>>> print(open('protein-v7.txt').read())   # compact mmCIF, C-alpha atoms
# COMPACT_ATOMS: atom_id res chain seq x y z
CA MET I 1 -11.33 -79.17 32.83
CA LYS I 2 -14.38 -76.88 32.64
CA SER I 3 -12.22 -74.16 31.10
CA LEU I 4 -10.82 -76.54 28.49
CA LEU I 5 -14.29 -77.76 27.53
CA LEU I 6 -15.54 -74.19 27.26
CA LEU I 7 -12.57 -73.27 25.09
CA ILE I 8 -13.28 -76.15 22.72
CA PHE I 9 -17.00 -75.31 22.67
CA TYR I 10 -16.42 -71.65 21.82
CA LEU I 11 -14.54 -72.63 18.68
CA PHE I 12 -17.83 -73.86 17.24
CA ILE I 13 -20.16 -71.03 18.30
CA PRO I 14 -21.49 -69.34 15.15
CA VAL I 15 -21.17 -65.57 15.32
CA CYS I 16 -24.81 -65.19 14.29
CA CYS I 17 -25.87 -66.73 17.61
CA LEU I 18 -24.12 -64.04 19.66
CA PRO I 19 -25.70 -60.73 20.72
CA ASP I 20 -25.25 -57.45 18.86
CA ILE I 21 -22.39 -56.46 21.16
CA ALA I 22 -20.14 -58.79 19.15
CA ALA I 23 -20.02 -56.24 16.35
CA ALA I 24 -19.76 -53.23 18.64
CA GLN I 25 -16.88 -54.69 20.64
CA SER I 26 -15.02 -56.61 17.94
CA ASN I 27 -11.23 -56.62 18.14
CA ASP I 28 -11.18 -54.62 21.37
CA SER I 29 -8.36 -56.61 22.95
CA ILE I 30 -5.32 -54.66 21.82
CA THR I 31 -1.96 -56.31 21.24
CA VAL I 32 1.11 -54.20 22.00
CA THR I 33 4.20 -55.23 20.04
CA SER I 34 6.59 -52.36 20.82
CA THR I 35 8.23 -51.67 24.18
CA ALA I 36 8.43 -48.00 23.12
CA ILE I 37 4.69 -47.56 23.71
CA ARG I 38 3.83 -45.97 27.03
CA GLU I 39 0.48 -45.60 28.75
CA PRO I 40 -0.77 -42.04 29.28
CA SER I 41 0.07 -40.54 32.66
CA THR I 42 -2.44 -40.76 35.49
CA ASP I 43 -1.23 -37.49 37.05
CA GLY I 44 -4.27 -35.67 38.41
CA TRP I 45 -6.45 -38.79 38.25
CA PHE I 46 -8.25 -40.32 41.23
CA SER I 47 -7.91 -44.01 42.12
CA ILE I 48 -9.88 -46.64 44.02
CA LYS I 49 -7.79 -49.70 44.85
CA GLY I 50 -9.25 -53.15 45.39
CA GLU I 51 -7.72 -56.58 45.77
CA SER I 52 -7.92 -57.45 42.07
CA VAL I 53 -8.82 -54.12 40.45
CA THR I 54 -7.50 -50.57 40.62
CA PHE I 55 -10.01 -48.10 39.29
CA TRP I 56 -8.64 -44.84 37.83
CA TYR I 57 -10.84 -41.94 36.74
CA VAL I 58 -10.44 -38.31 35.72
CA SER I 59 -11.70 -35.62 38.06
CA ASP I 60 -14.83 -34.68 36.11
CA VAL I 61 -16.18 -38.26 35.93
CA ASN I 62 -19.42 -38.73 37.88
CA VAL I 63 -18.75 -41.68 40.22
CA LYS I 64 -22.40 -41.94 41.26
CA ARG I 65 -23.43 -42.30 37.62
CA LEU I 66 -20.80 -44.98 37.04
CA GLU I 67 -22.02 -46.99 40.03
CA ALA I 68 -25.63 -46.76 38.85
CA ARG I 69 -24.70 -48.03 35.39
CA LEU I 70 -23.13 -51.14 36.92
CA ARG I 71 -26.53 -52.28 38.17
CA THR I 72 -28.66 -52.10 35.03
CA ARG I 73 -28.73 -55.91 34.85
CA ASP I 74 -29.71 -58.32 37.61
CA ILE I 75 -26.29 -59.86 38.25
CA PRO I 76 -26.20 -62.61 40.91
CA ILE I 77 -24.70 -61.26 44.17
CA ASN I 78 -23.41 -63.39 47.04
CA GLN I 79 -24.43 -62.73 50.63
CA GLU I 80 -21.16 -60.98 51.53
CA TYR I 81 -21.60 -58.30 48.86
CA ARG I 82 -25.33 -58.06 49.48
CA MET I 83 -24.65 -57.18 53.12
CA LEU I 84 -21.88 -54.77 52.15
CA LEU I 85 -24.08 -52.87 49.71
CA SER I 86 -26.93 -52.70 52.24
CA ASN I 87 -24.71 -50.49 54.44
CA ARG I 88 -26.06 -46.99 53.84
CA SER I 89 -22.87 -45.39 55.17
CA LEU I 90 -20.77 -47.07 52.48
CA SER I 91 -19.10 -44.42 50.31
CA MET I 92 -19.93 -44.15 46.64
CA GLU I 93 -16.32 -45.02 45.78
CA ASP I 94 -16.56 -48.25 47.82
CA ARG I 95 -19.91 -49.04 46.21
CA LEU I 96 -18.33 -48.65 42.77
CA LYS I 97 -15.45 -50.93 43.78
CA ALA I 98 -17.88 -53.54 45.12
CA ARG I 99 -19.93 -53.47 41.91
CA ILE I 100 -16.79 -54.01 39.82
CA GLU I 101 -15.71 -56.89 42.07
CA ILE I 102 -19.17 -58.48 41.75
CA ILE I 103 -18.90 -58.35 37.96
CA LEU I 104 -15.37 -59.76 38.05
CA LEU I 105 -16.46 -62.69 40.23
CA ARG I 106 -19.35 -63.34 37.86
CA VAL I 107 -17.02 -63.26 34.84
CA GLU I 108 -14.68 -65.78 36.48
CA ASP I 109 -17.63 -68.02 37.36
CA ILE I 110 -19.04 -67.99 33.81
CA LEU I 111 -15.65 -68.76 32.28
CA GLY I 112 -14.64 -71.26 34.97
CA MET I 113 -11.33 -69.39 35.19
CA THR I 114 -9.66 -67.97 38.29
CA PRO I 115 -6.27 -66.59 37.23
CA THR I 116 -3.46 -66.46 39.79
CA ASP I 117 -1.85 -63.12 40.70
CA PHE I 118 -4.62 -61.34 38.85
CA HIS I 119 -4.79 -57.55 38.97
CA VAL I 120 -6.18 -55.22 36.34
CA LYS I 121 -6.48 -51.45 35.99
CA ILE I 122 -9.68 -49.82 34.77
CA ARG I 123 -9.13 -46.35 33.37
CA VAL I 124 -12.22 -44.19 32.87
CA PHE I 125 -12.10 -41.09 30.68
CA LYS I 126 -14.89 -38.53 30.60
CA THR I 127 -15.72 -39.03 26.92
CA ARG I 128 -15.17 -41.62 24.22
CA ARG I 129 -13.25 -39.03 22.21
CA GLN I 130 -10.76 -38.46 25.05
CA MET I 131 -10.26 -42.20 25.42
CA ASN I 132 -9.70 -42.67 21.68
CA ASP I 133 -7.34 -39.68 21.61
CA ALA I 134 -5.26 -41.51 24.25
CA TYR I 135 -5.27 -44.59 22.02
CA ASN I 136 -4.22 -42.49 19.03
CA ASP I 137 -1.35 -40.99 21.06
CA MET I 138 -0.07 -44.48 21.80
CA PHE I 139 -0.56 -46.08 18.38
CA ASN I 140 -0.98 -43.19 15.92
CA ASP I 141 -4.21 -44.85 14.88
CA GLY I 142 -7.61 -43.21 14.44
CA SER I 143 -9.66 -46.21 15.63
CA ASN I 144 -12.95 -45.58 17.42
CA PHE I 145 -13.68 -47.87 20.38
CA LYS I 146 -16.34 -47.89 23.07
CA SER I 147 -13.76 -49.52 25.29
CA PHE I 148 -10.75 -51.80 24.93
CA TYR I 149 -8.35 -53.98 26.90
CA MET I 150 -4.55 -54.03 26.61
CA HIS I 151 -2.96 -57.09 28.16
CA TYR I 152 0.52 -55.60 27.90
CA PHE I 153 -0.47 -52.91 30.42
CA ARG I 154 -3.12 -55.04 32.20
CA SER I 155 -5.50 -52.15 31.56
CA VAL I 156 -9.12 -51.70 30.52
CA TYR I 157 -9.78 -48.34 28.85
CA THR I 158 -13.32 -47.01 28.94
CA ASN I 159 -15.25 -43.77 29.36
CA GLU I 160 -18.24 -42.39 31.23
CA GLN I 161 -20.25 -42.08 28.02
CA ASP I 162 -20.13 -45.84 27.29
CA PHE I 163 -19.65 -47.19 30.81
CA LEU I 164 -22.04 -50.07 31.49
CA ASP I 165 -22.08 -53.40 33.35
CA SER I 166 -22.22 -55.25 30.00
CA VAL I 167 -19.16 -53.40 28.71
CA MET I 168 -17.24 -54.02 31.94
CA ALA I 169 -18.11 -57.71 31.86
CA HIS I 170 -16.88 -57.95 28.27
CA GLU I 171 -13.58 -56.18 28.94
CA LEU I 172 -12.96 -57.98 32.24
CA GLY I 173 -13.65 -61.16 30.31
CA HIS I 174 -10.71 -60.30 28.06
CA ALA I 175 -8.55 -59.59 31.11
CA VAL I 176 -9.42 -62.89 32.83
CA ILE I 177 -8.94 -64.91 29.63
CA ASP I 178 -5.56 -63.36 28.84
CA HIS I 179 -4.33 -63.77 32.43
CA TYR I 180 -5.55 -67.36 32.72
CA PHE I 181 -3.59 -68.83 29.84
CA SER I 182 0.21 -68.83 29.72
CA MET I 183 -0.16 -67.41 26.22
CA PRO I 184 -3.28 -65.33 25.39
CA PRO I 185 -5.55 -67.15 22.90
CA PRO I 186 -6.14 -65.89 19.35
CA SER I 187 -8.09 -62.62 19.28
CA LYS I 188 -11.16 -64.03 17.52
CA MET I 189 -11.45 -66.85 20.03
CA ALA I 190 -11.02 -64.45 22.96
CA GLU I 191 -13.66 -62.16 21.47
CA LEU I 192 -16.18 -64.99 21.26
CA MET I 193 -15.49 -65.95 24.86
CA ALA I 194 -15.79 -62.37 26.13
CA THR I 195 -19.05 -61.92 24.24
CA TYR I 196 -20.35 -65.18 25.72
CA VAL I 197 -19.65 -63.75 29.20
CA ASP I 198 -21.79 -60.69 28.50
CA ALA I 199 -24.61 -62.80 27.08
CA HIS I 200 -24.75 -64.89 30.30
CA LEU I 201 -23.98 -62.16 32.83
CA ASP I 202 -27.41 -62.12 34.48
CA GLN I 203 -28.33 -65.78 33.98
CA ASP I 204 -28.27 -68.27 36.88
>>> encode(input="protein-v7.txt", output="structure tokens")
Amino acid sequence: MKSLLLLIFYLFIPVCCLPDIAAAQSNDSITVTSTAIREPSTDGWFSIKGESVTFWYVSDVNVKRLEARLRTRDIPINQEYRMLLSNRSLSMEDRLKARIEIILLRVEDILGMTPTDFHVKIRVFKTRRQMNDAYNDMFNDGSNFKSFYMHYFRSVYTNEQDFLDSVMAHELGHAVIDHYFSMPPPSKMAELMATYVDAHLDQD
């Protein structure tokens, strides 16, 4: 019921009331219409696998920097994750995974949506140009994104240059929204909802 009420409410949110990220992230949920399109290979990439997220990154990505950029905002953390992150022997890879999981839980809480059988890949390139080159290889399109989500592949594409907790919340918002409904909602509606998630990420 909460999800339905939110969905109805979002239809009436004026774009002018949303933060600047609305323009920066507009139309970043990519629809794939051809089965001939293939994701770029992950050969030579490193992975960190969690229950709901598998994190892929190229070898020259700085994992410590990524983890630090997931704590620029004061996101509510439950006691389980607080205790986990207080463990000084926890590896940087596990810290990164925990930070992503914290953001995902927060996204689901804001939206009031907990999709079943949810799993998403997050693919991190070193630079925005490399990420957009991968997009161009798939779609022969010269678009320039900071990040984007493709429901067809259940994948978030991002890069170290633009990696941030706000960006991850926005893209994971797209993933949760598209998984939750039997048919993904219209792109403009989904964009408003994902932007709403970012705007409320650090609010109790």
>>> closest_residue(input="protein-v7.txt", among="I:Arg106, I:Asp94, I:Leu111, I:Arg154", to="I:Ala190", atoms="all atoms listed in the file")
I:Leu111
>>> residues_around(input="protein-v7.txt", residues="I:Arg128", least_positions_apart="6", cutoff="9 Å", atoms="only C-alpha atoms", output="VMD selection string")
chain I and resid 144 to 147 158 to 162
>>> atom_distance(input="protein-v7.txt", atom1="atom CA of I:Lys49", atom2="atom CA of I:Ala98")
10.8 Å
>>> residues_around(input="protein-v7.txt", residues="stretch 103-105 of chain I", least_positions_apart="2", cutoff="10 Å", atoms="only C-alpha atoms", output="VMD selection string")
chain I and resid 52 to 53 70 to 71 75 to 78 98 to 101 107 to 110 113 to 114 165 to 166 168 to 173 175 to 176 201 to 202
>>> atom_distance(input="protein-v7.txt", atom1="atom CA of I:Arg73", atom2="atom CA of I:Leu96")
15.0 Å
>>> atom_distance(input="protein-v7.txt", atom1="atom CA of I:Thr31", atom2="atom CA of I:His151")
7.0 Å
>>> residues_around(input="protein-v7.txt", residues="I:Met193", least_positions_apart="2", cutoff="8 Å", atoms="all atoms listed in the file", output="mmCIF file with C-alpha atoms, in the frame of the given file")
data_model
loop_
_atom_site.group_PDB
_atom_site.id
_atom_site.type_symbol
_atom_site.label_atom_id
_atom_site.label_comp_id
_atom_site.auth_asym_id
_atom_site.auth_seq_id
_atom_site.Cartn_x
_atom_site.Cartn_y
_atom_site.Cartn_z
ATOM 1 C CA LEU I 7 -12.570 -73.270 25.090
ATOM 2 C CA TYR I 10 -16.420 -71.650 21.820
ATOM 3 C CA LEU I 111 -15.650 -68.760 32.280
ATOM 4 C CA GLY I 173 -13.650 -61.160 30.310
ATOM 5 C CA MET I 189 -11.450 -66.850 20.030
ATOM 6 C CA ALA I 190 -11.020 -64.450 22.960
ATOM 7 C CA GLU I 191 -13.660 -62.160 21.470
ATOM 8 C CA THR I 195 -19.050 -61.920 24.240
ATOM 9 C CA TYR I 196 -20.350 -65.180 25.720
ATOM 10 C CA VAL I 197 -19.650 -63.750 29.200
#
>>> build_atoms(input="protein-v7.txt", residues="stretch 104-130 of chain I", atoms="N, CA and C atoms", output="PDB file, keeping the file's coordinate frame")
ATOM      1  N   LEU I 104     -16.555 -58.938  38.270  1.00  0.00           N
ATOM      2  CA  LEU I 104     -15.370 -59.760  38.050  1.00  0.00           C
ATOM      3  C   LEU I 104     -15.593 -61.195  38.536  1.00  0.00           C
ATOM      4  N   LEU I 105     -16.175 -61.351  39.712  1.00  0.00           N
ATOM      5  CA  LEU I 105     -16.460 -62.690  40.230  1.00  0.00           C
ATOM      6  C   LEU I 105     -17.416 -63.442  39.307  1.00  0.00           C
ATOM      7  N   ARG I 106     -18.393 -62.721  38.775  1.00  0.00           N
ATOM      8  CA  ARG I 106     -19.350 -63.340  37.860  1.00  0.00           C
ATOM      9  C   ARG I 106     -18.666 -63.770  36.569  1.00  0.00           C
ATOM     10  N   VAL I 107     -17.773 -62.932  36.059  1.00  0.00           N
ATOM     11  CA  VAL I 107     -17.020 -63.260  34.840  1.00  0.00           C
ATOM     12  C   VAL I 107     -16.199 -64.528  35.057  1.00  0.00           C
ATOM     13  N   GLU I 108     -15.498 -64.597  36.190  1.00  0.00           N
ATOM     14  CA  GLU I 108     -14.680 -65.780  36.480  1.00  0.00           C
ATOM     15  C   GLU I 108     -15.540 -67.026  36.600  1.00  0.00           C
ATOM     16  N   ASP I 109     -16.725 -66.883  37.190  1.00  0.00           N
ATOM     17  CA  ASP I 109     -17.630 -68.020  37.360  1.00  0.00           C
ATOM     18  C   ASP I 109     -18.143 -68.514  36.003  1.00  0.00           C
ATOM     19  N   ILE I 110     -18.533 -67.601  35.126  1.00  0.00           N
ATOM     20  CA  ILE I 110     -19.040 -67.990  33.810  1.00  0.00           C
ATOM     21  C   ILE I 110     -17.961 -68.703  33.003  1.00  0.00           C
ATOM     22  N   LEU I 111     -16.748 -68.182  33.053  1.00  0.00           N
ATOM     23  CA  LEU I 111     -15.650 -68.760  32.280  1.00  0.00           C
ATOM     24  C   LEU I 111     -15.061 -70.007  32.934  1.00  0.00           C
ATOM     25  N   GLY I 112     -15.296 -70.169  34.248  1.00  0.00           N
ATOM     26  CA  GLY I 112     -14.640 -71.260  34.970  1.00  0.00           C
ATOM     27  C   GLY I 112     -13.150 -71.031  35.079  1.00  0.00           C
ATOM     28  N   MET I 113     -12.747 -69.765  35.141  1.00  0.00           N
ATOM     29  CA  MET I 113     -11.330 -69.390  35.190  1.00  0.00           C
ATOM     30  C   MET I 113     -11.068 -68.469  36.372  1.00  0.00           C
ATOM     31  N   THR I 114     -10.089 -68.842  37.196  1.00  0.00           N
ATOM     32  CA  THR I 114      -9.660 -67.970  38.290  1.00  0.00           C
ATOM     33  C   THR I 114      -8.152 -67.793  38.162  1.00  0.00           C
ATOM     34  N   PRO I 115      -7.704 -66.773  37.456  1.00  0.00           N
ATOM     35  CA  PRO I 115      -6.270 -66.590  37.230  1.00  0.00           C
ATOM     36  C   PRO I 115      -5.533 -66.293  38.536  1.00  0.00           C
ATOM     37  N   THR I 116      -4.296 -66.763  38.632  1.00  0.00           N
ATOM     38  CA  THR I 116      -3.460 -66.460  39.790  1.00  0.00           C
ATOM     39  C   THR I 116      -2.787 -65.109  39.603  1.00  0.00           C
ATOM     40  N   ASP I 117      -2.524 -64.428  40.726  1.00  0.00           N
ATOM     41  CA  ASP I 117      -1.850 -63.120  40.700  1.00  0.00           C
ATOM     42  C   ASP I 117      -2.537 -62.154  39.748  1.00  0.00           C
ATOM     43  N   PHE I 118      -3.848 -62.169  39.780  1.00  0.00           N
ATOM     44  CA  PHE I 118      -4.620 -61.340  38.850  1.00  0.00           C
ATOM     45  C   PHE I 118      -4.814 -59.936  39.419  1.00  0.00           C
ATOM     46  N   HIS I 119      -4.468 -58.940  38.631  1.00  0.00           N
ATOM     47  CA  HIS I 119      -4.790 -57.550  38.970  1.00  0.00           C
ATOM     48  C   HIS I 119      -4.900 -56.775  37.664  1.00  0.00           C
ATOM     49  N   VAL I 120      -5.945 -55.980  37.562  1.00  0.00           N
ATOM     50  CA  VAL I 120      -6.180 -55.220  36.340  1.00  0.00           C
ATOM     51  C   VAL I 120      -6.519 -53.783  36.693  1.00  0.00           C
ATOM     52  N   LYS I 121      -6.121 -52.866  35.834  1.00  0.00           N
ATOM     53  CA  LYS I 121      -6.480 -51.450  35.990  1.00  0.00           C
ATOM     54  C   LYS I 121      -7.663 -51.143  35.076  1.00  0.00           C
ATOM     55  N   ILE I 122      -8.581 -50.337  35.582  1.00  0.00           N
ATOM     56  CA  ILE I 122      -9.680 -49.820  34.770  1.00  0.00           C
ATOM     57  C   ILE I 122      -9.544 -48.315  34.726  1.00  0.00           C
ATOM     58  N   ARG I 123      -9.358 -47.779  33.538  1.00  0.00           N
ATOM     59  CA  ARG I 123      -9.130 -46.350  33.370  1.00  0.00           C
ATOM     60  C   ARG I 123     -10.335 -45.718  32.680  1.00  0.00           C
ATOM     61  N   VAL I 124     -10.975 -44.779  33.370  1.00  0.00           N
ATOM     62  CA  VAL I 124     -12.220 -44.190  32.870  1.00  0.00           C
ATOM     63  C   VAL I 124     -12.006 -42.736  32.474  1.00  0.00           C
ATOM     64  N   PHE I 125     -12.157 -42.448  31.192  1.00  0.00           N
ATOM     65  CA  PHE I 125     -12.100 -41.090  30.680  1.00  0.00           C
ATOM     66  C   PHE I 125     -13.504 -40.485  30.727  1.00  0.00           C
ATOM     67  N   LYS I 126     -13.592 -39.188  30.591  1.00  0.00           N
ATOM     68  CA  LYS I 126     -14.890 -38.530  30.600  1.00  0.00           C
ATOM     69  C   LYS I 126     -15.679 -38.854  29.341  1.00  0.00           C
ATOM     70  N   THR I 127     -15.025 -38.817  28.187  1.00  0.00           N
ATOM     71  CA  THR I 127     -15.720 -39.030  26.920  1.00  0.00           C
ATOM     72  C   THR I 127     -15.011 -40.096  26.088  1.00  0.00           C
ATOM     73  N   ARG I 128     -15.761 -40.655  25.131  1.00  0.00           N
ATOM     74  CA  ARG I 128     -15.170 -41.620  24.220  1.00  0.00           C
ATOM     75  C   ARG I 128     -14.054 -40.966  23.394  1.00  0.00           C
ATOM     76  N   ARG I 129     -14.265 -39.713  23.008  1.00  0.00           N
ATOM     77  CA  ARG I 129     -13.250 -39.030  22.210  1.00  0.00           C
ATOM     78  C   ARG I 129     -11.933 -38.914  22.975  1.00  0.00           C
ATOM     79  N   GLN I 130     -11.983 -38.566  24.256  1.00  0.00           N
ATOM     80  CA  GLN I 130     -10.760 -38.460  25.050  1.00  0.00           C
ATOM     81  C   GLN I 130     -10.064 -39.811  25.153  1.00  0.00           C
TER      82      GLN I 130
END
